[in-house]
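K.L.:
One structure, as structure tokens, below. Some questions next.
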Amino acid sequence: MEEGGEEETVGGSWGNRTERSGNKRLKLLEKEDRISDLPDSLIHHILSFLPSTKQAIQTGILSKRWQNQWTRVPVLIFESTSKSDKNFSQFIDRTLTLHDCLKIKKFHIQFDCNLRCDPHLTSKIRFATRKDVEELILNLCPLDEFRLPKFLFNNASLVKLELFKCSIGYNVRVSWPSLKELKLECSQDQAIENVLSNSPLLHTLELLHYSCSDRLVIASKSLKKLVLGELNLVNFKLSEFKISCPDLEEFEIGTLEFETIENFDSQSFAIKILGQLQVVKMLKIGSWFIKILSDLEVEDLPSPLLNCKCLTLDGTNFDEHLRGIVCAIRCASVLEKLVIKLDERRKPNDLLDLNDCRKNYWNLNGTVFNCSVSNLKTLKIIGLSERDEKHKLVFNFVEFLLKNARVLEKIIVILADYGTSFLFEVSTKLLSFQRCFPHTTIELLRST
């Protein structure tokens, strides 16, 4: 009896302990589920940061309270992820039918490149404009450019607009009084003048893969950043290119292609562009411009002075563009930050310039660039690799700057290779150079 009683007592005690521990776990889970105690407005704000509306809808499985939270999120992002996603348009329509937010902050539609444009896309855009959309992104990628509906051009709520493979048209009347950022990938160059003259608050304009025929005039009193990606100039006239933006602070230009232009003077064209950028403080130029600067240096021709404080040379080959780098530094007398992005896609040419550069350019006494590097504080080199021999020219260039730049505070080198031996070689070499400014720091990073 005593043994049985003891067993009953033990069993009862174990059961009580189990019940108490279960209650503790339940209470702990209740305490950990603090996100459900958040107000609806904060939950909607959190859901607006998800990559897509589909993921926001999927959060409805968390609890009954979460089932309809997505319907009041002011961000709608639709991206087709499958090349055979035939139900993509129907999914958007069903989502818009259930959406119950009075105002939309962001509306983004992206079609797969192999899907034809949705024939009912206009109604979807109208849905967004009726809810005073602020940020509209249409990345359609159809076989033919989608002609935008006219009601979109008379919109007072748009703050940011990105259009890819969309046709603006020449004769539309534009009224975007609140627009601040515009990114376009199309070929209506004459429409740009119409857009700029009717967007009084526009401060950022990006033209990507842009075709220009006859002329390109960019005139704006409000524009602060201008990006010209891949420009295709057809029957272009040098006199018909003009940038008139008195408050422009940042300018980027990539590659240029010229079609059916006889006897076109590329050097004069480059000089004209750079000459119109005297107010720009941040300048980024691609390999085409660096090559032009190299030619000017070789031919000992004058080049326009640059007033930029930050200069980025994109797609640089040190062996081919070394003289262009030299010319750019000489032109930018107030330069404080120099960023050189090496072109990792191309193999270097022969290194016949190496000794020539050491003799004529990297003057250890600094007589060539003494005034040009007097303000340089930061040097950043991106994409240094041991797969070619160009890093030897980079070392020589860095050595010159360390010996002659009096206020150089930081050198950042981002390596394209992950080898420990190359990391050791670079660090050993850079640390061995004599420094004019004793407090210069050298930072080595690996590209991600």
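In the structure tokens, chains take letters A, B, ... by order of appearance, with residues numbered from 1 within each chain and ligands from 1 in the order shown.
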Please identify which residues in region 20-255 of chain A DSSP calls strand (DSSP E or B) from the backbone, and express them as a compact mmCIF listing (two decimals) with C-alpha atoms, in the first residue's frame.

P.N.:
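Writing done, so here's states-v1.txt:
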```txt
# COMPACT_ATOMS: atom_id res chain seq x y z
CA VAL A 75 2.30 49.75 -51.17
CA LEU A 76 1.44 47.42 -54.07
CA ILE A 77 4.31 45.56 -55.79
CA PHE A 78 3.54 43.01 -58.53
CA GLU A 79 6.40 41.13 -60.22
CA LYS A 106 3.93 53.01 -54.21
CA PHE A 107 2.54 51.06 -57.18
CA HIS A 108 4.96 48.79 -59.06
CA ILE A 109 4.22 46.40 -61.93
CA GLN A 110 6.93 44.35 -63.62
CA GLU A 135 5.52 56.48 -56.65
CA LEU A 136 4.71 54.68 -59.90
CA ILE A 137 7.07 52.13 -61.49
CA LEU A 138 6.16 50.38 -64.76
CA ASN A 139 8.75 47.87 -65.97
CA PHE A 146 3.42 50.47 -74.24
CA ARG A 147 1.72 53.76 -75.03
CA ASN A 154 -2.04 65.24 -65.83
CA LYS A 160 8.54 59.50 -58.32
CA LEU A 161 8.04 57.93 -61.75
CA GLU A 162 10.01 55.14 -63.43
CA LEU A 163 9.04 53.99 -66.93
CA PHE A 164 10.67 51.18 -68.88
CA CYS A 166 6.83 52.97 -72.28
CA SER A 167 6.03 55.49 -74.98
CA SER A 175 1.50 68.47 -65.90
CA GLU A 181 12.36 61.88 -59.57
CA LEU A 182 12.00 60.58 -63.13
CA LYS A 183 13.68 57.55 -64.71
CA LEU A 184 13.02 56.74 -68.37
CA GLU A 185 14.03 54.05 -70.82
CA THR A 204 16.55 63.85 -60.52
CA LEU A 205 16.40 62.75 -64.15
CA GLU A 206 17.77 59.42 -65.42
CA LEU A 207 17.73 58.52 -69.11
CA TYR A 210 18.13 56.43 -74.63
CA SER A 211 17.97 57.16 -78.36
CA CYS A 212 18.30 60.77 -79.49
CA SER A 213 17.67 61.95 -83.02
CA LEU A 216 18.92 66.73 -77.05
CA VAL A 217 18.18 69.78 -74.92
CA ILE A 218 17.99 69.38 -71.14
CA ALA A 219 16.99 72.64 -69.51
CA LYS A 225 21.03 65.17 -60.60
CA LEU A 226 21.25 64.08 -64.24
CA VAL A 227 22.14 60.56 -65.38
CA LEU A 228 22.62 59.77 -69.07
CA LEU A 231 23.03 57.21 -75.40
CA ASN A 232 22.40 56.34 -79.04
CA LEU A 233 22.84 59.47 -81.13
CA VAL A 234 21.22 59.30 -84.58
CA PHE A 241 23.17 69.26 -77.60
CA LYS A 242 22.62 71.49 -74.61
CA ILE A 243 22.57 71.08 -70.84
CA SER A 244 21.24 74.17 -69.08
CA GLU A 250 25.55 65.55 -59.82
CA PHE A 251 26.09 64.30 -63.37
CA GLU A 252 26.69 60.80 -64.74
CA ILE A 253 27.23 59.77 -68.34
```

K.L.:
Please list as a list of chain:residue names every residue within 12 Å of Lys410 (chain A), counting only C-alpha atoms and excluding residues in the same chain fewer than 5 positions away.

P.N.:
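With the cut-off at 12 Å, the set is A:Glu336, A:Lys337, A:Leu338, A:Val339, A:Leu376, A:Lys377, A:Thr378, A:Leu379, A:Lys380, A:Ile381, A:Val398, A:Leu401, A:Leu402, A:Ala405, A:Arg435, A:Phe437, A:Pro438, A:His439, A:Thr440, A:Thr441, A:Ile442, A:Glu443, A:Leu444.
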
K.L.:
Show me, as a list in words, the residues that have an atom within 8 Å of Arg406 (chain A) when counting only C-alpha atoms, minus same-chain residues fewer than 2 positions from it.

P.N.:
Val373, Ser374, Asn375, Leu376, Asn404, Leu408, Cys436 and Phe437 of chain A

K.L.:
Would you list, as a PyMOL selection string, the residues of region 217-299 of chain A that end up in alpha helix (DSSP H) under DSSP run on this structure's backbone?

P.N.:
chain A and resi 266-275+287-298

K.L.:
Just to be explicit: take each residue in the selection above, keep C-alpha atoms, and write the result as a PDB file, in the first residue's frame.

P.N.:
```pdb
ATOM      1  CA  SER A 266      33.954  63.214 -80.879  1.00  0.00           C
ATOM      2  CA  GLN A 267      36.602  65.262 -79.076  1.00  0.00           C
ATOM      3  CA  SER A 268      34.711  68.506 -79.625  1.00  0.00           C
ATOM      4  CA  PHE A 269      31.521  66.813 -78.523  1.00  0.00           C
ATOM      5  CA  ALA A 270      33.099  65.556 -75.270  1.00  0.00           C
ATOM      6  CA  ILE A 271      34.674  68.932 -74.568  1.00  0.00           C
ATOM      7  CA  LYS A 272      31.326  70.651 -75.141  1.00  0.00           C
ATOM      8  CA  ILE A 273      29.553  68.331 -72.694  1.00  0.00           C
ATOM      9  CA  LEU A 274      32.176  68.736 -69.993  1.00  0.00           C
ATOM     10  CA  GLY A 275      32.274  72.481 -70.596  1.00  0.00           C
ATOM     11  CA  SER A 287      35.160  54.661 -70.542  1.00  0.00           C
ATOM     12  CA  TRP A 288      34.213  56.606 -73.693  1.00  0.00           C
ATOM     13  CA  PHE A 289      34.995  59.909 -72.027  1.00  0.00           C
ATOM     14  CA  ILE A 290      38.130  58.565 -70.360  1.00  0.00           C
ATOM     15  CA  LYS A 291      39.393  57.495 -73.785  1.00  0.00           C
ATOM     16  CA  ILE A 292      38.722  60.994 -75.167  1.00  0.00           C
ATOM     17  CA  LEU A 293      40.659  62.537 -72.276  1.00  0.00           C
ATOM     18  CA  SER A 294      43.493  60.107 -73.000  1.00  0.00           C
ATOM     19  CA  ASP A 295      43.606  61.266 -76.614  1.00  0.00           C
ATOM     20  CA  LEU A 296      43.648  64.903 -75.535  1.00  0.00           C
ATOM     21  CA  GLU A 297      46.569  64.163 -73.237  1.00  0.00           C
ATOM     22  CA  VAL A 298      48.517  62.331 -75.930  1.00  0.00           C
TER      23      VAL A 298
END
```

K.L.:
What is the CA of Phe127 (chain A)-CA of Phe88 (chain A) distance in Å, reported with one decimal?

P.N.:
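According to the coordinates, CA of Phe127 (chain A) and CA of Phe88 (chain A) are separated by 16.8 Å.
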
K.L.:
Hey, can you check how far CA of Thr316 (chain A) sits from CA of Ile329 (chain A)?

P.N.:
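Rounded to one decimal, the two atoms are 14.1 Å apart.
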
K.L.:
Can you work out which one of A:His120, A:Lys281, A:Lys390, A:Lys341 has the shortest atom-to-atom distance to Phe318 (chain A), counting only C-alpha atoms?

P.N.:
A:Lys390

K.L.:
Quick one: residues within 9 Å of Ile125 (chain A), only C-alpha atoms counted, chain neighbours fewer than 3 positions away excluded, as number ranges by chain?

P.N.:
A: 107, 121-122, 128-130, 136, 149, 152

K.L.:
For Leu47 (chain A), work out the shell of residues within 10 Å, counting only C-alpha atoms and skipping chain neighbours fewer than 6 positions away, then give it as a PyMOL selection string.

P.N.:
chain A and resi 53+55-57+59+69-70+72-75

K.L.:
Find the residue from A:Lys309, A:Lys221, A:His209, A:Lys124 that sits nearest to Asp93 (chain A); use only C-alpha atoms when measuring.

P.N.:
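Under the stated criterion, the closest residue is A:Lys124.
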